[in-house]
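Data from final.tsv: TSV, C-alpha atoms
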chain	number	residue	atom	x	y	z
A	224	MET	CA	95.73	249.60	91.02
A	225	ALA	CA	98.54	251.26	92.99
A	226	ASN	CA	97.45	254.66	91.71
A	227	LYS	CA	93.84	254.03	92.79
A	228	LEU	CA	94.96	252.97	96.26
A	229	ASN	CA	97.15	256.07	96.53
A	230	ARG	CA	94.20	258.27	95.65
A	231	ARG	CA	91.95	256.53	98.19
A	232	PHE	CA	94.52	256.91	100.95
A	233	ARG	CA	94.98	260.56	100.03
A	234	TRP	CA	91.21	261.20	100.12
A	235	THR	CA	90.90	259.43	103.49
A	236	ASP	CA	93.82	261.40	104.94
A	237	LEU	CA	92.26	264.69	103.84
A	238	GLN	CA	88.91	263.84	105.43
A	239	ILE	CA	90.51	262.84	108.73
A	240	LYS	CA	92.38	266.13	108.84
A	241	ARG	CA	89.23	268.00	107.90
A	242	LEU	CA	87.23	266.43	110.72
A	243	CYS	CA	90.04	266.88	113.25
A	244	ALA	CA	90.07	270.60	112.49
A	245	CYS	CA	86.44	271.05	113.59
A	246	PRO	CA	86.38	272.95	116.91
A	247	THR	CA	82.74	272.26	117.88
A	248	GLU	CA	80.19	269.49	117.55
A	249	ASP	CA	78.11	271.60	115.17
A	250	ASP	CA	81.15	272.12	112.96
A	251	LEU	CA	81.81	268.40	113.01
A	252	LEU	CA	78.23	267.60	111.96
A	253	THR	CA	78.43	270.16	109.15
A	254	ALA	CA	81.71	268.65	107.96
A	255	LEU	CA	80.18	265.17	107.98
A	256	ASP	CA	77.23	266.39	105.93
A	257	THR	CA	79.51	267.98	103.32
A	258	ILE	CA	82.16	265.30	102.84
A	259	PRO	CA	83.37	265.52	99.21
A	260	GLU	CA	82.66	262.45	97.13
A	261	SER	CA	86.01	262.51	95.33
A	262	LEU	CA	89.56	263.78	95.64
A	263	GLU	CA	88.91	266.30	92.88
A	264	GLU	CA	85.91	267.69	94.77
A	265	ALA	CA	88.07	268.03	97.90
A	266	TYR	CA	90.57	270.13	95.95
A	267	HIS	CA	87.79	272.19	94.40
A	268	GLN	CA	86.43	272.91	97.90
A	269	ALA	CA	89.86	273.92	99.18
A	270	LEU	CA	90.50	276.33	96.29
A	271	ALA	CA	87.00	277.79	96.52
A	272	THR	CA	87.89	279.22	99.94
A	273	ILE	CA	90.72	281.38	98.54
A	274	PRO	CA	89.65	285.07	98.27
A	275	SER	CA	89.51	286.57	94.78
A	276	THR	CA	92.17	289.14	95.76
A	277	LEU	CA	94.69	286.32	96.25
A	278	GLN	CA	93.75	284.04	93.36
A	279	GLU	CA	96.25	285.44	90.84
A	280	ARG	CA	99.16	284.94	93.27
A	281	VAL	CA	98.00	281.46	94.29
A	282	ARG	CA	97.65	280.44	90.63
A	283	LYS	CA	101.18	281.63	89.87
A	284	ILE	CA	102.54	279.67	92.84
A	285	LEU	CA	100.73	276.52	91.72
A	286	ILE	CA	101.98	276.96	88.14
A	287	TRP	CA	105.57	277.14	89.34
A	288	LEU	CA	105.28	274.19	91.73
A	289	ALA	CA	103.62	272.03	89.07
A	290	SER	CA	105.94	272.96	86.19
A	291	SER	CA	109.42	273.84	87.48
A	292	PHE	CA	112.31	271.63	86.36
A	293	ARG	CA	113.62	271.14	89.87
A	294	GLU	CA	112.29	271.44	93.41
A	295	MET	CA	111.88	275.06	94.52
A	296	THR	CA	112.91	276.57	97.83
A	297	SER	CA	110.45	278.51	99.94
A	298	ARG	CA	112.46	281.70	99.31
A	299	GLU	CA	112.28	281.20	95.56
A	300	ILE	CA	108.50	280.71	95.55
A	301	ALA	CA	108.06	283.76	97.77
A	302	ALA	CA	110.09	285.72	95.20
A	303	VAL	CA	107.84	284.47	92.39
A	304	VAL	CA	104.94	286.48	93.84
A	305	SER	CA	107.13	289.26	95.32
A	306	PHE	CA	106.46	288.29	98.93
A	307	PRO	CA	109.14	289.47	101.39
A	308	PHE	CA	108.41	286.64	103.81
A	309	VAL	CA	108.15	282.91	103.16
A	310	ASP	CA	105.33	282.55	105.69
A	311	ASP	CA	103.09	284.66	103.46
A	312	VAL	CA	103.14	281.89	100.84
A	313	LEU	CA	101.87	279.36	103.35
A	314	LYS	CA	99.19	281.74	104.57
A	315	ILE	CA	97.55	282.06	101.16
A	316	CYS	CA	98.01	278.45	100.00
A	317	THR	CA	96.06	275.80	101.84
A	318	SER	CA	98.07	272.91	103.32
A	319	LEU	CA	95.92	270.56	101.25
A	320	LEU	CA	97.80	271.81	98.19
A	321	VAL	CA	101.34	272.62	99.27
A	322	THR	CA	103.79	271.32	101.84
A	323	VAL	CA	107.15	272.48	103.16
A	324	ILE	CA	110.03	270.08	103.81
A	325	ASP	CA	112.95	271.15	105.99
A	326	GLY	CA	116.33	270.33	104.52
A	327	ASP	CA	119.89	270.66	105.77
A	328	THR	CA	120.40	274.11	104.27
A	329	HIS	CA	116.98	275.34	103.16
A	330	GLU	CA	113.27	274.64	103.04
A	331	THR	CA	111.78	273.02	99.96
A	332	ILE	CA	108.19	273.82	99.06
A	333	LYS	CA	106.27	271.45	96.80
A	334	LEU	CA	102.79	270.28	95.92
A	335	ALA	CA	101.39	268.20	98.76
A	336	HIS	CA	100.66	265.14	96.61
A	337	PHE	CA	101.06	264.00	93.01
A	338	THR	CA	97.27	264.12	92.62
A	339	VAL	CA	97.36	267.90	93.11
A	340	LYS	CA	99.39	268.23	89.89
A	341	GLU	CA	97.04	265.84	88.10
A	342	PHE	CA	94.13	267.98	89.28
A	343	LEU	CA	95.61	271.33	88.25
A	344	ILE	CA	96.97	270.51	84.78
A	345	VAL	CA	94.28	270.00	82.15
A	346	GLN	CA	94.25	269.19	78.45
A	347	GLN	CA	94.69	271.75	75.70
A	348	THR	CA	90.94	272.20	75.17
A	349	TYR	CA	89.32	273.62	78.28
A	350	ASP	CA	87.22	276.57	79.38
A	351	GLU	CA	89.51	279.08	81.12
A	352	SER	CA	86.54	280.80	82.74
A	353	LEU	CA	85.34	277.63	84.48
A	354	TYR	CA	88.01	277.32	87.17
A	355	TRP	CA	90.57	280.07	87.78
A	356	TYR	CA	93.20	277.63	89.08
A	357	GLU	CA	93.37	275.19	86.15
A	358	PHE	CA	95.97	275.51	83.39
A	359	THR	CA	97.53	273.54	80.56
A	360	ALA	CA	101.17	272.44	80.63
A	361	GLN	CA	101.89	274.75	77.69
A	362	LEU	CA	100.33	277.76	79.39
A	363	ALA	CA	102.35	277.06	82.54
A	364	HIS	CA	105.67	276.98	80.69
A	365	CYS	CA	104.70	280.11	78.75
A	366	CYS	CA	103.94	281.99	81.99
A	367	ILE	CA	107.21	280.94	83.61
A	368	THR	CA	109.23	281.77	80.47
A	369	ASP	CA	107.63	285.20	80.26
A	370	GLN	CA	108.35	285.95	83.90
A	371	ILE	CA	112.00	284.92	84.02
A	372	ILE	CA	112.92	286.38	80.61
A	373	HIS	CA	111.62	289.77	81.73
A	374	TYR	CA	113.93	289.45	84.71
A	375	ILE	CA	117.20	288.54	82.99
A	376	PHE	CA	116.95	289.69	79.34
A	377	PRO	CA	117.20	292.60	79.95
A	378	SER	CA	118.01	292.85	83.62
A	379	SER	CA	115.61	294.60	85.96
A	380	ILE	CA	116.48	296.57	89.09
A	381	SER	CA	113.65	294.80	90.89
A	382	PHE	CA	114.88	291.32	89.89
A	383	PRO	CA	114.50	289.01	92.91
A	384	LYS	CA	117.97	287.64	93.65
A	385	ALA	CA	116.49	284.42	95.04
A	386	LEU	CA	115.22	283.50	91.55
A	387	ARG	CA	118.37	284.35	89.57
A	388	PRO	CA	120.00	280.87	89.75
A	389	TYR	CA	116.80	279.19	88.57
A	390	ALA	CA	116.13	281.78	85.86
A	391	GLU	CA	119.64	281.57	84.40
A	392	GLY	CA	119.70	277.77	84.61
A	393	PHE	CA	116.24	276.94	83.27
A	394	TRP	CA	114.86	279.79	81.12
A	395	LEU	CA	115.92	277.86	78.03
A	396	ALA	CA	114.29	274.61	79.19
A	397	HIS	CA	110.97	276.41	79.62
A	398	ALA	CA	111.29	278.35	76.34
A	399	ARG	CA	111.85	275.08	74.46
A	400	GLN	CA	108.41	273.83	75.54
A	401	ASN	CA	106.63	275.98	72.97
A	402	ASP	CA	105.14	273.43	70.57
A	403	ALA	CA	103.13	276.02	68.60
A	404	THR	CA	99.82	274.69	69.96
A	405	THR	CA	99.20	277.51	72.45
A	406	ASP	CA	99.25	281.29	72.14
A	407	TRP	CA	102.87	282.09	73.00
A	408	ALA	CA	102.89	285.11	70.66
A	409	GLU	CA	104.12	287.79	73.09
A	410	THR	CA	106.49	285.51	74.98
A	411	GLN	CA	107.89	283.98	71.79
A	412	LEU	CA	108.51	287.49	70.48
A	413	LEU	CA	110.67	288.15	73.55
A	414	VAL	CA	112.64	284.96	72.93
A	415	ASP	CA	113.19	285.85	69.27
A	416	CYS	CA	114.27	289.38	70.19
A	417	ILE	CA	116.92	288.02	72.54
A	418	LEU	CA	118.42	286.12	69.61
A	419	LYS	CA	118.03	288.88	67.03
A	420	TYR	CA	119.45	291.89	68.80
A	421	ASP	CA	122.85	292.50	70.34
A	422	ASN	CA	121.87	291.68	73.91
A	423	ILE	CA	124.91	291.92	76.18
A	424	LEU	CA	123.32	289.80	78.89
A	425	PHE	CA	122.53	287.05	76.37
A	426	LYS	CA	126.15	287.08	75.19
A	427	ASP	CA	127.27	286.81	78.84
A	428	TRP	CA	124.94	283.83	79.29
A	429	LEU	CA	126.35	282.21	76.14
A	430	ARG	CA	129.93	282.67	77.33
A	431	ALA	CA	129.03	280.99	80.63
A	432	ASN	CA	127.08	278.08	79.13
A	433	HIS	CA	128.43	277.68	75.56
A	434	PRO	CA	131.86	279.35	75.61
A	435	ALA	CA	132.84	277.97	72.19
A	436	GLU	CA	129.75	279.56	70.60
A	437	ALA	CA	129.97	283.06	72.10
A	438	CYS	CA	131.44	284.60	68.95
A	439	ALA	CA	129.10	286.59	66.74
A	440	GLN	CA	126.69	284.36	64.82
A	441	SER	CA	123.32	284.77	63.14
A	442	PRO	CA	120.10	284.61	65.22
A	443	LEU	CA	119.11	281.47	63.28
A	444	TYR	CA	122.40	279.88	64.28
A	445	TYR	CA	121.73	280.58	67.96
A	446	ALA	CA	118.15	279.31	67.69
A	447	SER	CA	119.47	276.05	66.19
A	448	LEU	CA	122.22	275.80	68.80
A	449	LEU	CA	119.76	276.19	71.69
A	450	GLY	CA	117.04	273.93	70.29
A	451	LEU	CA	114.40	276.68	70.05
A	452	GLY	CA	112.24	275.12	67.35
A	453	VAL	CA	109.64	277.87	66.99
A	454	SER	CA	112.36	280.52	66.85
A	455	VAL	CA	114.05	278.55	64.06
A	456	MET	CA	110.80	278.58	62.07
A	457	ASN	CA	110.20	282.29	62.68
A	458	LEU	CA	113.76	283.33	61.84
A	459	TRP	CA	113.91	281.07	58.79
A	460	ARG	CA	110.80	282.74	57.36
A	461	GLU	CA	112.40	286.16	57.86
A	462	LEU	CA	115.83	285.32	56.43
A	463	LEU	CA	115.06	283.05	53.50
A	464	PRO	CA	113.54	285.58	51.04
A	465	GLY	CA	116.59	287.85	51.05
A	466	GLY	CA	119.43	285.52	51.99
A	467	ASN	CA	121.61	282.85	50.49
A	468	GLU	CA	119.63	279.68	51.16
A	469	ASN	CA	122.62	277.32	51.09
A	470	GLU	CA	124.72	279.52	53.37
A	471	ILE	CA	121.91	280.07	55.90
A	472	LEU	CA	120.69	276.47	55.88
A	473	GLY	CA	124.15	274.91	55.95
A	474	SER	CA	125.31	276.76	59.05
A	475	ALA	CA	122.07	276.33	60.99
A	476	VAL	CA	121.52	272.66	60.18
A	477	THR	CA	125.14	271.80	60.96
A	478	THR	CA	124.80	273.48	64.33
A	479	ALA	CA	121.48	271.81	65.14
A	480	ALA	CA	122.81	268.39	64.14
A	481	ARG	CA	125.94	268.82	66.23
A	482	MET	CA	123.86	269.67	69.30
I'd like the structure from this file rewritten - as structure tokens, please.
Amino acid sequence: MANKLNRRFRWTDLQIKRLCACPTEDDLLTALDTIPESLEEAYHQALATIPSTLQERVRKILIWLASSFREMTSREIAAVVSFPFVDDVLKICTSLLVTVIDGDTHETIKLAHFTVKEFLIVQQTYDESLYWYEFTAQLAHCCITDQIIHYIFPSSISFPKALRPYAEGFWLAHARQNDATTDWAETQLLVDCILKYDNILFKDWLRANHPAEACAQSPLYYASLLGLGVSVMNLWRELLPGGNENEILGSAVTTAARM
């Protein structure tokens, strides 16, 4: 019941704002004739006004705001789409979808209402060509993982500094979301490569976050340590045919159990 009331209040608020924004009587009459019947229709109408040239950037912004593991600052979201100015984010995203909250030290940008997230995230089976702005939770985490891994493993000269704290703190949380139900093939390959090859930046990250585990270990060991289930399966398939099963399994399982 509370959820239904919240949705009704949200729909009413949107329509009041919509009518208040009409500059002329003709505009007001047109707005009255085209009042959306539901909250979902209101969001569809808002997103339909975004030009095709901006849709990819808007979708990426919405993916991050709906799927990040903490609130994002305006500077961080601007960096996600390589915008030099925070105001550019607000220009391309309608206020029906996002809102900015002033804090003591920085601005926080977030989805305007919990129903926006409910509207954007769909189930695993959906037609991607139907609405450009919809996505599954798995696809969202895959996109974020792919973006931040390209930034930090290996490092890139063009890496946006504003995103570094989030990338280093949460790349693993996003990578763990792969449940093997969505096509993560290319992104998962990147994750596996980080574990398999002597990546200096990965070793630096390990020393900072798991100092006791920074010594040289097998990729399967690291996958077990970090809770990367799909990587464990992939690496196990590669190692088992030519390795000592007891030695490989004992070390990896002990590590996974301890964590």
Considering all atoms listed in the file, return as a PyMOL selection string whatever protein or nucleic-acid residues lie within 12 Å of Asn432 (chain A), sequence-local ones (same chain, fewer than 3 positions apart) excluded. chain A and resi 391-393+395+425-429+435-437+448-449
Grab the CA of Leu237 (chain A) to CA of Leu353 (chain A) distance for me, in Å with one decimal place.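 Interatomic distance, CA of Leu237 (chain A) to CA of Leu353 (chain A): 24.3 Å.
In this structure, CA of Ile367 (chain A) sits 29.8 Å away from CA of Asn229 (chain A).
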Which residues, written as a VMD selection string, have at least one atom at most 9 Å from region 280-292 of chain A, with all atoms listed in the file counted and residues fewer than 5 positions away on the same chain left out? chain A and resid 273 300 to 301 303 to 304 312 315 to 316 320 to 321 332 to 334 339 to 340 343 to 344 355 to 358 360 362 to 364 366 to 367 393 396 to 397
Can you work out which one of A:Leu443, A:Ala269, A:Val309, A:Ile324 has the shortest atom-to-atom distance to Glu294 (chain A), counting only C-alpha atoms?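 Result for the nearest residue to Glu294 (chain A): A:Ile324.
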Given the point (113.4, 287.5, 80.6) in the coordinates of this file, which residues lie within 10 Å, counting all atoms listed in the file, and how would they look as a list in words?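 Here is the list of nearby residues: Ile367, Thr368, Asp369, Gln370, Ile371, Ile372, His373, Tyr374, Ile375, Phe376, Pro377, Ser378, Ser379, Ala390, Glu391, Trp394, Thr410, Leu413, Val414 and Ile417 of chain A.
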May I ask for the distance between CA of Val455 (chain A) and CA of Thr359 (chain A), given in Å to one decimal place? 23.9 Å
Size and centre in Å, one decimal, axis-aligned box, all listed region 357-376 of chain A atoms plus 5 Å per side, as AutoDock Vina command-line options:
--center_x 105.3 --center_y 281.1 --center_z 81.9 --size_x 33.8 --size_y 27.3 --size_z 18.5
Can you tell me, as a list in words, what residues are no more than 10 Å from Asp415 (chain A) when counting only C-alpha atoms, ignoring any on the same chain fewer than 2 positions away? Thr410, Gln411, Leu412, Leu413, Ile417, Leu418, Lys419, Tyr420, Pro442, Leu443, Ala446, Leu451, Val453, Ser454, Val455, Asn457 and Leu458 of chain A
Since we have the selection now, will you write its residues out, keeping C-alpha atoms, as a short mmCIF file (atom, residue, chain, number, x, y, z; two decimals), in the frame of the given file?
data_model
loop_
_atom_site.label_atom_id
_atom_site.label_comp_id
_atom_site.auth_asym_id
_atom_site.auth_seq_id
_atom_site.Cartn_x
_atom_site.Cartn_y
_atom_site.Cartn_z
CA THR A 410 106.49 285.51 74.98
CA GLN A 411 107.89 283.98 71.79
CA LEU A 412 108.51 287.49 70.48
CA LEU A 413 110.67 288.15 73.55
CA ILE A 417 116.92 288.02 72.54
CA LEU A 418 118.42 286.12 69.61
CA LYS A 419 118.03 288.88 67.03
CA TYR A 420 119.45 291.89 68.80
CA PRO A 442 120.10 284.61 65.22
CA LEU A 443 119.11 281.47 63.28
CA ALA A 446 118.15 279.31 67.69
CA LEU A 451 114.40 276.68 70.05
CA VAL A 453 109.64 277.87 66.99
CA SER A 454 112.36 280.52 66.85
CA VAL A 455 114.05 278.55 64.06
CA ASN A 457 110.20 282.29 62.68
CA LEU A 458 113.76 283.33 61.84
#
Contacts of Pro383 (chain A) at 8 Å (all atoms listed in the file; same-chain gap of 2+ positions) as a ChimeraX atom specification: /A:302,305,381,385-387
Option closest in space to Tyr444 (chain A), from A:Trp459, A:Tyr354, A:Gln278, A:Arg430 [counting only C-alpha atoms]: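 Comparing A:Trp459, A:Tyr354, A:Gln278, A:Arg430 against Tyr444 (chain A), the winner is A:Trp459.
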Extract, using all atoms listed in the file, all DNA, RNA and protein residues at most 8 Å from Thr331 (chain A), discarding same-chain residues fewer than 6 positions from it, and format them as a list in words.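 The filter keeps Glu294, Met295, Thr296, Ser297, Val323, Ile324 and Asp325 of chain A.
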Only C-alpha atoms, please: the residues just picked out, written as a JSON list (two decimals), in the coordinates of the input.
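Saved as out_9.json:
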[["chain", "number", "residue", "atom", "x", "y", "z"],
["A", 294, "GLU", "CA", 112.29, 271.44, 93.41],
["A", 295, "MET", "CA", 111.88, 275.06, 94.52],
["A", 296, "THR", "CA", 112.91, 276.57, 97.83],
["A", 297, "SER", "CA", 110.45, 278.51, 99.94],
["A", 323, "VAL", "CA", 107.15, 272.48, 103.16],
["A", 324, "ILE", "CA", 110.03, 270.08, 103.81],
["A", 325, "ASP", "CA", 112.95, 271.15, 105.99]]
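Checking A:Gln361, A:Ser275, A:Ser318, A:Thr257 one by one against Asp402 (chain A), counting all atoms listed in the file, you find the shortest gap at A:Gln361.
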Of the candidates A:Ala439, A:Ala271, A:Leu277, A:Leu251, which shows the shortest atom-to-atom distance to Asn422 (chain A), using all atoms listed in the file? A:Ala439
